[in-house]
>>> print(open('run.pdb').read())   # PDB, C-alpha atoms
MODEL        1
ATOM      1  CA  MET Q  15      -3.942   1.044  -8.991
ATOM      2  CA  GLU Q  16      -4.331  -1.794  -6.523
ATOM      3  CA  THR Q  17      -5.382  -0.875  -3.010
ATOM      4  CA  VAL Q  18      -4.623  -3.153  -0.073
ATOM      5  CA  GLU Q  19      -6.917  -2.652   2.900
ATOM      6  CA  GLY Q  20      -6.241  -5.982   4.585
ATOM      7  CA  GLU Q  21      -5.840  -6.867   8.220
ATOM      8  CA  ASN Q  22      -2.945  -5.512  10.186
ATOM      9  CA  TYR Q  23       0.027  -7.833   9.775
ATOM     10  CA  GLN Q  24       0.217  -8.355  13.539
ATOM     11  CA  ASP Q  25      -3.192 -10.065  13.414
ATOM     12  CA  LYS Q  26      -2.298 -12.437  10.591
ATOM     13  CA  PRO Q  27      -1.300 -16.038  11.335
ATOM     14  CA  ARG Q  28       2.116 -17.137  10.126
ATOM     15  CA  ARG Q  29       1.896 -19.212   6.978
ATOM     16  CA  HIS Q  30       3.957 -22.154   5.840
ATOM     17  CA  ARG Q  31       7.006 -20.887   3.966
ATOM     18  CA  ALA Q  32       6.512 -23.022   0.869
ATOM     19  CA  THR Q  33       7.825 -20.227  -1.408
ATOM     20  CA  TYR Q  34       9.628 -16.965  -0.856
ATOM     21  CA  HIS Q  35       6.309 -15.146  -1.078
ATOM     22  CA  THR Q  36       5.283 -16.685   2.251
ATOM     23  CA  PHE Q  37       8.779 -16.833   3.733
ATOM     24  CA  MET Q  38       9.764 -13.180   3.360
ATOM     25  CA  ARG Q  39       7.264 -10.780   4.923
ATOM     26  CA  ILE Q  40       7.346  -7.088   4.023
ATOM     27  CA  VAL Q  41       5.193  -4.563   5.872
ATOM     28  CA  ARG Q  42       4.747  -0.881   5.235
ATOM     29  CA  LEU Q  43       5.007   1.008   8.523
ATOM     30  CA  PHE Q  44       4.367   4.687   9.265
ATOM     31  CA  TRP Q  45       5.647   7.468   6.959
ATOM     32  CA  ALA Q  46       8.774   6.087   5.230
ATOM     33  CA  GLY Q  47       9.119   3.084   7.526
ATOM     34  CA  ILE Q  48       9.428  -0.457   6.199
ATOM     35  CA  GLN Q  49       9.750  -3.773   8.040
ATOM     36  CA  ILE Q  50      11.162  -6.924   6.447
ATOM     37  CA  CYS Q  51      11.146 -10.288   8.227
ATOM     38  CA  CYS Q  52      13.011 -13.339   7.012
ATOM     39  CA  ASP Q  53      14.157 -16.471   8.822
ATOM     40  CA  GLN Q  54      12.948 -14.994  12.142
ATOM     41  CA  VAL Q  55      15.153 -11.902  11.687
ATOM     42  CA  THR Q  56      13.453  -8.493  11.614
ATOM     43  CA  LEU Q  57      14.955  -5.583   9.694
ATOM     44  CA  VAL Q  58      13.528  -2.047   9.649
ATOM     45  CA  ILE Q  59      14.259   0.927   7.416
ATOM     46  CA  ASP Q  60      13.631   4.517   8.576
ATOM     47  CA  LEU Q  61      11.516   3.438  11.534
ATOM     48  CA  LEU Q  62       9.479   6.340  12.962
ATOM     49  CA  GLU Q  63       7.191   6.059  15.982
ATOM     50  CA  ASP Q  64       8.061   9.030  18.208
ATOM     51  CA  VAL Q  65       6.648  12.071  16.389
ATOM     52  CA  ALA Q  66       7.111  14.541  19.261
ATOM     53  CA  PRO Q  67      10.498  15.857  18.029
ATOM     54  CA  ILE Q  68       9.091  16.800  14.606
ATOM     55  CA  ARG Q  69       5.732  18.337  15.573
ATOM     56  CA  SER Q  70       7.069  21.888  15.620
ATOM     57  CA  LEU Q  71       8.034  21.658  11.932
ATOM     58  CA  LEU Q  72       5.832  18.988  10.370
ATOM     59  CA  GLY Q  73       2.764  19.364  12.588
ATOM     60  CA  ASN Q  74       0.616  16.632  14.091
ATOM     61  CA  PRO Q  75       0.418  13.407  12.068
ATOM     62  CA  ARG Q  76      -2.745  13.014  10.048
ATOM     63  CA  LEU Q  77      -2.457   9.216  10.021
ATOM     64  CA  PRO Q  78      -2.138   6.715  12.894
ATOM     65  CA  VAL Q  79       1.405   5.754  13.825
ATOM     66  CA  VAL Q  80       2.089   2.064  13.113
ATOM     67  CA  SER Q  81       4.425   0.260  15.484
ATOM     68  CA  ALA Q  82       7.128  -2.227  14.583
ATOM     69  CA  PRO Q  83       7.622  -5.387  16.673
ATOM     70  CA  GLU Q  84       9.033  -4.937  20.156
ATOM     71  CA  VAL Q  85      12.339  -6.549  19.169
ATOM     72  CA  VAL Q  86      14.235  -5.490  16.037
ATOM     73  CA  ASP Q  87      17.425  -7.200  14.841
ATOM     74  CA  VAL Q  88      18.745  -4.848  12.141
ATOM     75  CA  ALA Q  89      18.104  -1.177  11.329
ATOM     76  CA  LEU Q  90      18.808   0.807   8.185
ATOM     77  CA  VAL Q  91      18.806   4.614   8.337
ATOM     78  CA  THR Q  92      18.810   6.570   5.082
ATOM     79  CA  HIS Q  93      19.695   9.887   6.767
ATOM     80  CA  LEU Q  94      19.496  11.736  10.062
ATOM     81  CA  HIS Q  95      16.442  13.942   9.601
ATOM     82  CA  PRO Q  96      14.239  13.145  12.627
ATOM     83  CA  ASP Q  97      11.375  11.806  10.497
ATOM     84  CA  HIS Q  98      13.760   9.074   9.266
ATOM     85  CA  TYR Q  99      16.054   8.576  12.258
ATOM     86  CA  ASP Q 100      14.044   7.976  15.438
ATOM     87  CA  ALA Q 101      16.858   7.263  17.878
ATOM     88  CA  ASP Q 102      14.627   6.894  20.943
ATOM     89  CA  THR Q 103      12.466   4.217  19.340
ATOM     90  CA  LEU Q 104      15.490   2.373  17.965
ATOM     91  CA  ARG Q 105      17.049   2.459  21.425
ATOM     92  CA  LYS Q 106      13.943   0.791  22.877
ATOM     93  CA  LYS Q 107      13.526  -1.870  20.218
ATOM     94  CA  LEU Q 108      16.931  -2.803  18.841
ATOM     95  CA  ARG Q 109      18.771  -5.767  20.290
ATOM     96  CA  PRO Q 110      21.904  -4.677  22.199
ATOM     97  CA  ASP Q 111      24.197  -6.072  19.498
ATOM     98  CA  ALA Q 112      22.072  -4.924  16.554
ATOM     99  CA  LYS Q 113      23.734  -3.197  13.608
ATOM    100  CA  VAL Q 114      22.564   0.158  12.262
ATOM    101  CA  PHE Q 115      23.541   0.695   8.619
ATOM    102  CA  CYS Q 116      23.953   4.312   7.504
ATOM    103  CA  ASP Q 117      25.802   6.727   5.255
ATOM    104  CA  PRO Q 118      29.534   6.776   6.134
ATOM    105  CA  ALA Q 119      29.245  10.458   7.128
ATOM    106  CA  ASN Q 120      26.649   9.552   9.775
ATOM    107  CA  VAL Q 121      28.513   6.691  11.452
ATOM    108  CA  ALA Q 122      30.179   8.841  14.121
ATOM    109  CA  LYS Q 123      26.969  10.538  15.247
ATOM    110  CA  ILE Q 124      24.929   7.334  15.367
ATOM    111  CA  SER Q 125      27.766   5.649  17.277
ATOM    112  CA  ARG Q 126      27.726   8.483  19.823
ATOM    113  CA  HIS Q 127      24.063   7.689  20.382
ATOM    114  CA  GLY Q 128      25.093   4.256  21.597
ATOM    115  CA  PHE Q 129      24.392   2.181  18.486
ATOM    116  CA  HIS Q 130      26.613  -0.225  16.557
ATOM    117  CA  ALA Q 131      26.760   1.917  13.431
ATOM    118  CA  VAL Q 132      27.982   0.305  10.211
ATOM    119  CA  ARG Q 133      29.321   2.229   7.221
ATOM    120  CA  ALA Q 134      27.187   1.731   4.100
ATOM    121  CA  ALA Q 135      28.918   3.244   1.063
ATOM    122  CA  SER Q 136      27.349   3.226  -2.395
ATOM    123  CA  TYR Q 137      27.245  -0.229  -3.989
ATOM    124  CA  GLU Q 138      29.002  -1.902  -1.073
ATOM    125  CA  SER Q 139      27.149  -5.061  -0.019
ATOM    126  CA  ILE Q 140      27.191  -6.423   3.528
ATOM    127  CA  SER Q 141      25.626  -9.655   4.795
ATOM    128  CA  VAL Q 142      23.686  -9.591   8.037
ATOM    129  CA  GLY Q 143      21.658 -12.634   9.022
ATOM    130  CA  PRO Q 144      19.611 -13.758   6.001
ATOM    131  CA  PHE Q 145      19.893 -10.309   4.390
ATOM    132  CA  THR Q 146      22.345  -8.750   1.971
ATOM    133  CA  VAL Q 147      22.267  -4.964   2.347
ATOM    134  CA  THR Q 148      23.612  -2.745  -0.437
ATOM    135  CA  ALA Q 149      23.784   1.028  -0.180
ATOM    136  CA  LEU Q 150      22.557   2.955  -3.223
ATOM    137  CA  PRO Q 151      23.169   6.561  -4.258
ATOM    138  CA  ALA Q 152      20.765   9.276  -3.086
ATOM    139  CA  VAL Q 153      20.596  13.068  -3.100
ATOM    140  CA  ASP Q 154      19.184  14.834  -0.056
ATOM    141  CA  GLY Q 155      16.839  17.793  -0.471
ATOM    142  CA  LEU Q 156      18.615  19.793   2.237
ATOM    143  CA  GLY Q 157      22.156  18.811   1.305
ATOM    144  CA  ASP Q 158      22.701  16.318   4.123
ATOM    145  CA  PRO Q 159      24.329  12.878   3.726
ATOM    146  CA  GLN Q 160      21.804  10.315   2.524
ATOM    147  CA  VAL Q 161      21.829   6.812   1.063
ATOM    148  CA  SER Q 162      19.168   4.524  -0.331
ATOM    149  CA  PHE Q 163      19.114   0.765   0.190
ATOM    150  CA  LEU Q 164      18.725  -2.535  -1.594
ATOM    151  CA  VAL Q 165      17.803  -5.406   0.705
ATOM    152  CA  GLU Q 166      17.987  -8.936  -0.674
ATOM    153  CA  ALA Q 167      16.875 -12.176   0.935
ATOM    154  CA  ASP Q 168      15.466 -15.462  -0.283
ATOM    155  CA  GLY Q 169      15.623 -14.382  -3.926
ATOM    156  CA  VAL Q 170      13.721 -11.117  -3.408
ATOM    157  CA  LYS Q 171      15.107  -7.620  -4.088
ATOM    158  CA  VAL Q 172      13.586  -4.689  -2.199
ATOM    159  CA  MET Q 173      14.696  -1.094  -2.808
ATOM    160  CA  HIS Q 174      13.952   1.825  -0.482
ATOM    161  CA  PHE Q 175      14.663   5.427  -1.454
ATOM    162  CA  GLY Q 176      14.197   7.381   1.795
ATOM    163  CA  ASP Q 177      13.216  10.889   0.736
ATOM    164  CA  THR Q 178      15.726  11.401  -2.055
ATOM    165  CA  LEU Q 179      15.469  14.033  -4.752
ATOM    166  CA  TRP Q 180      15.443  13.162  -8.446
ATOM    167  CA  HIS Q 181      18.966  12.296  -9.582
ATOM    168  CA  GLY Q 182      20.853  10.726 -12.454
ATOM    169  CA  TYR Q 183      21.719   7.453 -10.719
ATOM    170  CA  TRP Q 184      18.516   5.549 -11.566
ATOM    171  CA  TRP Q 185      19.963   4.076 -14.760
ATOM    172  CA  GLN Q 186      23.184   3.093 -12.999
ATOM    173  CA  ILE Q 187      21.274   1.461 -10.141
ATOM    174  CA  ARG Q 188      19.217  -0.550 -12.636
ATOM    175  CA  ALA Q 189      22.340  -1.623 -14.543
ATOM    176  CA  ARG Q 190      24.345  -2.602 -11.470
ATOM    177  CA  CYS Q 191      21.632  -4.113  -9.268
ATOM    178  CA  GLY Q 192      19.133  -5.636 -11.688
ATOM    179  CA  VAL Q 193      15.351  -5.467 -11.559
ATOM    180  CA  PRO Q 194      13.881  -4.978  -8.070
ATOM    181  CA  ASP Q 195      10.853  -7.010  -7.072
ATOM    182  CA  LEU Q 196       9.538  -4.178  -4.917
ATOM    183  CA  THR Q 197      10.482  -0.503  -4.723
ATOM    184  CA  PHE Q 198       9.430   2.031  -2.088
ATOM    185  CA  LEU Q 199       9.551   5.618  -3.335
ATOM    186  CA  PRO Q 200       8.804   8.949  -1.610
ATOM    187  CA  VAL Q 201       6.118  10.874  -3.487
ATOM    188  CA  ASN Q 202       5.011  13.924  -1.498
ATOM    189  CA  GLY Q 203       7.150  16.592  -3.200
ATOM    190  CA  ALA Q 204       7.382  18.571   0.044
ATOM    191  CA  ILE Q 205       7.894  22.334  -0.196
ATOM    192  CA  THR Q 206       9.702  23.531   2.926
ATOM    193  CA  GLN Q 207      10.192  26.898   4.551
ATOM    194  CA  PHE Q 208      12.179  26.010   7.635
ATOM    195  CA  PRO Q 209      13.547  28.647  10.039
ATOM    196  CA  ARG Q 210      16.959  30.107   9.139
ATOM    197  CA  MET Q 211      16.717  28.640   5.623
ATOM    198  CA  LYS Q 212      15.809  30.771   2.622
ATOM    199  CA  ALA Q 213      12.784  29.187   0.973
ATOM    200  CA  SER Q 214      13.412  27.814  -2.525
ATOM    201  CA  GLY Q 215       9.927  26.836  -3.623
ATOM    202  CA  VAL Q 216      11.507  23.631  -4.971
ATOM    203  CA  ALA Q 217      10.427  20.230  -3.661
ATOM    204  CA  ALA Q 218      12.769  18.684  -1.090
ATOM    205  CA  ASP Q 219      12.086  15.113  -2.207
ATOM    206  CA  LEU Q 220      10.671  13.306  -5.229
ATOM    207  CA  MET Q 221       7.623  14.786  -6.891
ATOM    208  CA  PRO Q 222       4.939  12.128  -7.465
ATOM    209  CA  ASP Q 223       5.469  12.030 -11.245
ATOM    210  CA  GLN Q 224       9.238  11.839 -10.726
ATOM    211  CA  ALA Q 225       8.770   8.839  -8.444
ATOM    212  CA  ALA Q 226       6.782   7.094 -11.173
ATOM    213  CA  ALA Q 227       9.522   7.891 -13.693
ATOM    214  CA  ALA Q 228      12.171   6.450 -11.360
ATOM    215  CA  ALA Q 229      10.097   3.274 -10.980
ATOM    216  CA  ALA Q 230       9.870   2.986 -14.766
ATOM    217  CA  ILE Q 231      13.641   3.355 -15.215
ATOM    218  CA  LEU Q 232      14.280   0.728 -12.536
ATOM    219  CA  GLU Q 233      11.714  -1.547 -14.225
ATOM    220  CA  THR Q 234      10.544  -2.567 -10.781
ATOM    221  CA  LYS Q 235       7.940  -5.302 -10.643
ATOM    222  CA  ILE Q 236       5.953  -3.429  -7.971
ATOM    223  CA  ALA Q 237       6.208   0.258  -6.997
ATOM    224  CA  CYS Q 238       4.827   1.381  -3.646
ATOM    225  CA  PRO Q 239       4.521   5.072  -2.673
ATOM    226  CA  ILE Q 240       5.677   6.128   0.801
ATOM    227  CA  HIS Q 241       6.481   9.372   2.614
ATOM    228  CA  TYR Q 242       3.163  11.121   2.007
ATOM    229  CA  GLY Q 243      -0.211  11.711   3.615
ATOM    230  CA  ALA Q 244       0.899  11.973   7.237
ATOM    231  CA  PHE Q 245       2.292  15.514   7.473
ATOM    232  CA  HIS Q 246       1.125  18.825   6.039
ATOM    233  CA  ASN Q 247       1.997  21.952   7.993
ATOM    234  CA  PRO Q 248       2.270  24.943   5.648
ATOM    235  CA  PRO Q 249       4.190  27.120   5.243
ATOM    236  CA  LEU Q 250       6.896  25.167   7.099
ATOM    237  CA  TYR Q 251       6.161  21.840   5.422
ATOM    238  CA  ALA Q 252       3.645  21.586   2.593
ATOM    239  CA  GLU Q 253       2.840  18.344   0.813
ATOM    240  CA  TRP Q 254       2.239  18.511  -2.931
ATOM    241  CA  PRO Q 255      -1.542  18.460  -3.537
ATOM    242  CA  ASN Q 256      -3.021  15.128  -4.631
ATOM    243  CA  ALA Q 257       0.382  13.442  -4.533
ATOM    244  CA  GLU Q 258      -1.051   9.922  -4.398
ATOM    245  CA  ARG Q 259      -3.397  10.455  -7.323
ATOM    246  CA  ILE Q 260      -0.671  12.071  -9.444
ATOM    247  CA  PHE Q 261       1.734   9.221  -8.715
ATOM    248  CA  PHE Q 262      -0.715   6.509  -9.749
ATOM    249  CA  ARG Q 263      -1.800   8.393 -12.857
ATOM    250  CA  ALA Q 264       1.830   8.854 -13.940
ATOM    251  CA  ALA Q 265       2.613   5.229 -13.135
ATOM    252  CA  GLU Q 266      -0.262   4.028 -15.297
ATOM    253  CA  GLN Q 267       0.909   6.178 -18.196
ATOM    254  CA  LEU Q 268       4.418   4.727 -17.886
ATOM    255  CA  GLY Q 269       3.286   1.125 -17.560
ATOM    256  CA  VAL Q 270       4.453   0.832 -13.941
ATOM    257  CA  ASN Q 271       2.734  -1.703 -11.690
ATOM    258  CA  ALA Q 272       1.960   0.627  -8.778
ATOM    259  CA  ARG Q 273       0.351  -0.670  -5.637
ATOM    260  CA  LEU Q 274      -1.155   1.225  -2.714
ATOM    261  CA  ILE Q 275      -0.235  -0.409   0.591
ATOM    262  CA  GLN Q 276      -1.812   1.090   3.675
ATOM    263  CA  PRO Q 277       0.477   1.566   6.696
ATOM    264  CA  GLY Q 278       0.426  -1.577   8.809
ATOM    265  CA  CYS Q 279      -0.372  -3.861   5.890
ATOM    266  CA  GLU Q 280       1.787  -6.565   4.358
ATOM    267  CA  VAL Q 281       2.895  -6.397   0.731
ATOM    268  CA  ALA Q 282       1.946  -9.410  -1.374
ATOM    269  CA  LEU Q 283       4.690 -10.146  -3.890
ATOM    270  CA  VAL Q 284       2.331 -11.860  -6.309
TER     271      VAL Q 284
ENDMDL
END
>>> encode(input="run.pdb", output="structure tokens")
Amino acid sequence: METVEGENYQDKPRRHRATYHTFMRIVRLFWAGIQICCDQVTLVIDLLEDVAPIRSLLGNPRLPVVSAPEVVDVALVTHLHPDHYDADTLRKKLRPDAKVFCDPANVAKISRHGFHAVRAASYESISVGPFTVTALPAVDGLGDPQVSFLVEADGVKVMHFGDTLWHGYWWQIRARCGVPDLTFLPVNGAITQFPRMKASGVAADLMPDQAAAAAAILETKIACPIHYGAFHNPPLYAEWPNAERIFFRAAEQLGVNARLIQPGCEVALV
């Protein structure tokens, strides 16, 4: 396991873009949030900064909330659960003409919120600025529409899997999309007991060992765990104990290059 405890990306000077490793900048944000910058265009996935709407279910965050830049050019939303779709923050930060990529079933609702929603169906690729965005299959733990994403720019492939369950699409994704350079996977195996829903006792997203197995199937060059550590509010929302440790132990056993990136820190692709 490699731990990155470096300076916050906002304090780092911009470097000469001699190779794609210095040209494309990838930052882990809060919870499942990711920021990718390329050619002065900023893209975010599942940006979350306003935690007030989710406190009643998930509790108070146990980690500091990391902010994205004040201006965002492109947004990707895996699904509409409020810990992945923070409409108020997107409304404040997105450019007026910015596109919001989402599952086709969520286009109408996101459009009603005043955004330029763009349909992202599985394996359809769309160019936006320097990025090529491809929707990937996902399975939501509560049965809601959800997609995952592949973002490509400057020769780098980044995959982001929201808070998907385990599914049988990993092999297909690997075959159709190739080897990702960097993969962000949810690992907290949350057990939920939400009001008006009969409790199942089954995790609503990837278990930590399942996330490591998915990374191994994808043959990703770097696997980074997300969607853990910030919320634990039993019995409504209970994180799987020692999720981080289990993920890294499973990754080591499977030969996966797993890397711990603290929220607010940049991912080095070397």
>>> closest_residue(input="run.pdb", among="Q:Phe129, Q:Gly169, Q:Leu108, Q:Ile48", to="Cys238 (chain Q)", atoms="all atoms listed in the file")
Q:Ile48
>>> residues_around(input="run.pdb", residues="Leu220 (chain Q)", least_positions_apart="3", cutoff="12 Å", atoms="all atoms listed in the file", output="JSON, numbers by chain")
{"Q": [152, 153, 154, 155, 175, 176, 177, 178, 179, 180, 181, 198, 199, 200, 201, 202, 203, 204, 205, 216, 217, 223, 224, 225, 226, 227, 228, 229, 239, 240, 241, 242, 253, 254, 257, 261]}
>>> write_last_selection(input="run.pdb", atoms="C-alpha atoms", output="PDB file, in the coordinates of the input")
ATOM      1  CA  ALA Q 152      20.765   9.276  -3.086  1.00  0.00           C
ATOM      2  CA  VAL Q 153      20.596  13.068  -3.100  1.00  0.00           C
ATOM      3  CA  ASP Q 154      19.184  14.834  -0.056  1.00  0.00           C
ATOM      4  CA  GLY Q 155      16.839  17.793  -0.471  1.00  0.00           C
ATOM      5  CA  PHE Q 175      14.663   5.427  -1.454  1.00  0.00           C
ATOM      6  CA  GLY Q 176      14.197   7.381   1.795  1.00  0.00           C
ATOM      7  CA  ASP Q 177      13.216  10.889   0.736  1.00  0.00           C
ATOM      8  CA  THR Q 178      15.726  11.401  -2.055  1.00  0.00           C
ATOM      9  CA  LEU Q 179      15.469  14.033  -4.752  1.00  0.00           C
ATOM     10  CA  TRP Q 180      15.443  13.162  -8.446  1.00  0.00           C
ATOM     11  CA  HIS Q 181      18.966  12.296  -9.582  1.00  0.00           C
ATOM     12  CA  PHE Q 198       9.430   2.031  -2.088  1.00  0.00           C
ATOM     13  CA  LEU Q 199       9.551   5.618  -3.335  1.00  0.00           C
ATOM     14  CA  PRO Q 200       8.804   8.949  -1.610  1.00  0.00           C
ATOM     15  CA  VAL Q 201       6.118  10.874  -3.487  1.00  0.00           C
ATOM     16  CA  ASN Q 202       5.011  13.924  -1.498  1.00  0.00           C
ATOM     17  CA  GLY Q 203       7.150  16.592  -3.200  1.00  0.00           C
ATOM     18  CA  ALA Q 204       7.382  18.571   0.044  1.00  0.00           C
ATOM     19  CA  ILE Q 205       7.894  22.334  -0.196  1.00  0.00           C
ATOM     20  CA  VAL Q 216      11.507  23.631  -4.971  1.00  0.00           C
ATOM     21  CA  ALA Q 217      10.427  20.230  -3.661  1.00  0.00           C
ATOM     22  CA  ASP Q 223       5.469  12.030 -11.245  1.00  0.00           C
ATOM     23  CA  GLN Q 224       9.238  11.839 -10.726  1.00  0.00           C
ATOM     24  CA  ALA Q 225       8.770   8.839  -8.444  1.00  0.00           C
ATOM     25  CA  ALA Q 226       6.782   7.094 -11.173  1.00  0.00           C
ATOM     26  CA  ALA Q 227       9.522   7.891 -13.693  1.00  0.00           C
ATOM     27  CA  ALA Q 228      12.171   6.450 -11.360  1.00  0.00           C
ATOM     28  CA  ALA Q 229      10.097   3.274 -10.980  1.00  0.00           C
ATOM     29  CA  PRO Q 239       4.521   5.072  -2.673  1.00  0.00           C
ATOM     30  CA  ILE Q 240       5.677   6.128   0.801  1.00  0.00           C
ATOM     31  CA  HIS Q 241       6.481   9.372   2.614  1.00  0.00           C
ATOM     32  CA  TYR Q 242       3.163  11.121   2.007  1.00  0.00           C
ATOM     33  CA  GLU Q 253       2.840  18.344   0.813  1.00  0.00           C
ATOM     34  CA  TRP Q 254       2.239  18.511  -2.931  1.00  0.00           C
ATOM     35  CA  ALA Q 257       0.382  13.442  -4.533  1.00  0.00           C
ATOM     36  CA  PHE Q 261       1.734   9.221  -8.715  1.00  0.00           C
TER      37      PHE Q 261
END
>>> atom_distance(input="run.pdb", atom1="CA of Phe115 (chain Q)", atom2="CA of Trp185 (chain Q)")
23.9 Å
>>> atom_distance(input="run.pdb", atom1="CA of Gly192 (chain Q)", atom2="CA of Ala134 (chain Q)")
19.2 Å
>>> resolve_selection(input="run.pdb", expression="the PyMOL selection byres ((chain Q and resi 96) around 10)", output="PyMOL selection string")
chain Q and resi 60+62+64-68+93-95+97-101
>>> write_last_selection(input="run.pdb", atoms="C-alpha atoms", output="PDB file, in the frame of the given file")
ATOM      1  CA  ASP Q  60      13.631   4.517   8.576  1.00  0.00           C
ATOM      2  CA  LEU Q  62       9.479   6.340  12.962  1.00  0.00           C
ATOM      3  CA  ASP Q  64       8.061   9.030  18.208  1.00  0.00           C
ATOM      4  CA  VAL Q  65       6.648  12.071  16.389  1.00  0.00           C
ATOM      5  CA  ALA Q  66       7.111  14.541  19.261  1.00  0.00           C
ATOM      6  CA  PRO Q  67      10.498  15.857  18.029  1.00  0.00           C
ATOM      7  CA  ILE Q  68       9.091  16.800  14.606  1.00  0.00           C
ATOM      8  CA  HIS Q  93      19.695   9.887   6.767  1.00  0.00           C
ATOM      9  CA  LEU Q  94      19.496  11.736  10.062  1.00  0.00           C
ATOM     10  CA  HIS Q  95      16.442  13.942   9.601  1.00  0.00           C
ATOM     11  CA  ASP Q  97      11.375  11.806  10.497  1.00  0.00           C
ATOM     12  CA  HIS Q  98      13.760   9.074   9.266  1.00  0.00           C
ATOM     13  CA  TYR Q  99      16.054   8.576  12.258  1.00  0.00           C
ATOM     14  CA  ASP Q 100      14.044   7.976  15.438  1.00  0.00           C
ATOM     15  CA  ALA Q 101      16.858   7.263  17.878  1.00  0.00           C
TER      16      ALA Q 101
END
>>> resolve_selection(input="run.pdb", expression="the PyMOL selection byres ((chain Q and resi 131) around 8)", output="list in words")
Lys113, Val114, Phe115, Cys116, Val121, Ala122, Ile124, Ser125, Phe129, His130, Val132 and Arg133 of chain Q
>>> write_last_selection(input="run.pdb", atoms="C-alpha atoms", output="PDB file, keeping the file's coordinate frame")
ATOM      1  CA  LYS Q 113      23.734  -3.197  13.608  1.00  0.00           C
ATOM      2  CA  VAL Q 114      22.564   0.158  12.262  1.00  0.00           C
ATOM      3  CA  PHE Q 115      23.541   0.695   8.619  1.00  0.00           C
ATOM      4  CA  CYS Q 116      23.953   4.312   7.504  1.00  0.00           C
ATOM      5  CA  VAL Q 121      28.513   6.691  11.452  1.00  0.00           C
ATOM      6  CA  ALA Q 122      30.179   8.841  14.121  1.00  0.00           C
ATOM      7  CA  ILE Q 124      24.929   7.334  15.367  1.00  0.00           C
ATOM      8  CA  SER Q 125      27.766   5.649  17.277  1.00  0.00           C
ATOM      9  CA  PHE Q 129      24.392   2.181  18.486  1.00  0.00           C
ATOM     10  CA  HIS Q 130      26.613  -0.225  16.557  1.00  0.00           C
ATOM     11  CA  VAL Q 132      27.982   0.305  10.211  1.00  0.00           C
ATOM     12  CA  ARG Q 133      29.321   2.229   7.221  1.00  0.00           C
TER      13      ARG Q 133
END
>>> atom_distance(input="run.pdb", atom1="CA of Cys279 (chain Q)", atom2="CA of Arg42 (chain Q)")
6.0 Å
>>> residues_near_point(input="run.pdb", point="(27.1, -4.4, 0.9)", cutoff="10 Å", atoms="all atoms listed in the file", output="ChimeraX atom specification")
/Q:115,133-142,145-150,163-165
>>> axis_aligned_box(input="run.pdb", around="region 198-215 of chain Q", padding_each_side="4 Å", output="lines of an AutoDock Vina configuration file")
center_x = 11.0
center_y = 16.4
center_z = 3.2
size_x = 19.9
size_y = 36.7
size_z = 21.7
>>> residues_around(input="run.pdb", residues="Gly143 (chain Q)", least_positions_apart="5", cutoff="10 Å", atoms="only C-alpha atoms", output="list in words")
Cys52, Asp53, Gln54, Val55, Thr56, Leu57, Asp87, Val88 and Ala167 of chain Q
>>> resolve_selection(input="run.pdb", expression="the PyMOL selection byres ((chain Q and resi 159) around 7)", output="count of residues only")
7
>>> residues_around(input="run.pdb", residues="Gln49 (chain Q)", least_positions_apart="6", cutoff="6 Å", atoms="all atoms listed in the file", output="list in words")
Ile40, Val41, Leu57 and Val58 of chain Q
>>> residues_near_point(input="run.pdb", point="(17.8, -7.7, 19.0)", cutoff="7 Å", atoms="only C-alpha atoms", output="short mmCIF file (atom, residue, chain, number, x, y, z; two decimals) with C-alpha atoms, in the frame of the given file")
data_model
loop_
_atom_site.label_atom_id
_atom_site.label_comp_id
_atom_site.auth_asym_id
_atom_site.auth_seq_id
_atom_site.Cartn_x
_atom_site.Cartn_y
_atom_site.Cartn_z
CA VAL Q 85 12.34 -6.55 19.17
CA VAL Q 86 14.24 -5.49 16.04
CA ASP Q 87 17.42 -7.20 14.84
CA LEU Q 108 16.93 -2.80 18.84
CA ARG Q 109 18.77 -5.77 20.29
CA PRO Q 110 21.90 -4.68 22.20
CA ASP Q 111 24.20 -6.07 19.50
CA ALA Q 112 22.07 -4.92 16.55
#
>>> closest_residue(input="run.pdb", among="Q:Arg263, Q:His246, Q:Arg273, Q:Lys235", to="Val170 (chain Q)", atoms="all atoms listed in the file")
Q:Lys235
>>> closest_residue(input="run.pdb", among="Q:Val172, Q:Glu233, Q:Val91, Q:Gly215", to="Trp184 (chain Q)", atoms="only C-alpha atoms")
Q:Glu233
>>> closest_residue(input="run.pdb", among="Q:Glu280, Q:Asp219, Q:Glu63, Q:Asp195", to="Lys171 (chain Q)", atoms="all atoms listed in the file")
Q:Asp195
>>> build_atoms(input="run.pdb", residues="region 162-167 of chain Q", atoms="N, CA and C atoms", output="CSV table (one decimal), in the frame of the given file")
chain,number,residue,atom,x,y,z
Q,162,SER,N,20.3,5.4,-0.2
Q,162,SER,CA,19.2,4.5,-0.3
Q,162,SER,C,19.7,3.1,-0.1
Q,163,PHE,N,18.7,2.1,-0.1
Q,163,PHE,CA,19.1,0.8,0.2
Q,163,PHE,C,18.5,-0.3,-0.7
Q,164,LEU,N,19.2,-1.3,-1.0
Q,164,LEU,CA,18.7,-2.5,-1.6
Q,164,LEU,C,18.9,-3.6,-0.5
Q,165,VAL,N,17.8,-4.3,-0.2
Q,165,VAL,CA,17.8,-5.4,0.7
Q,165,VAL,C,17.4,-6.7,-0.1
Q,166,GLU,N,18.3,-7.7,0.0
Q,166,GLU,CA,18.0,-8.9,-0.7
Q,166,GLU,C,17.9,-10.1,0.3
Q,167,ALA,N,17.0,-11.0,0.1
Q,167,ALA,CA,16.9,-12.2,0.9
Q,167,ALA,C,15.9,-13.1,0.2
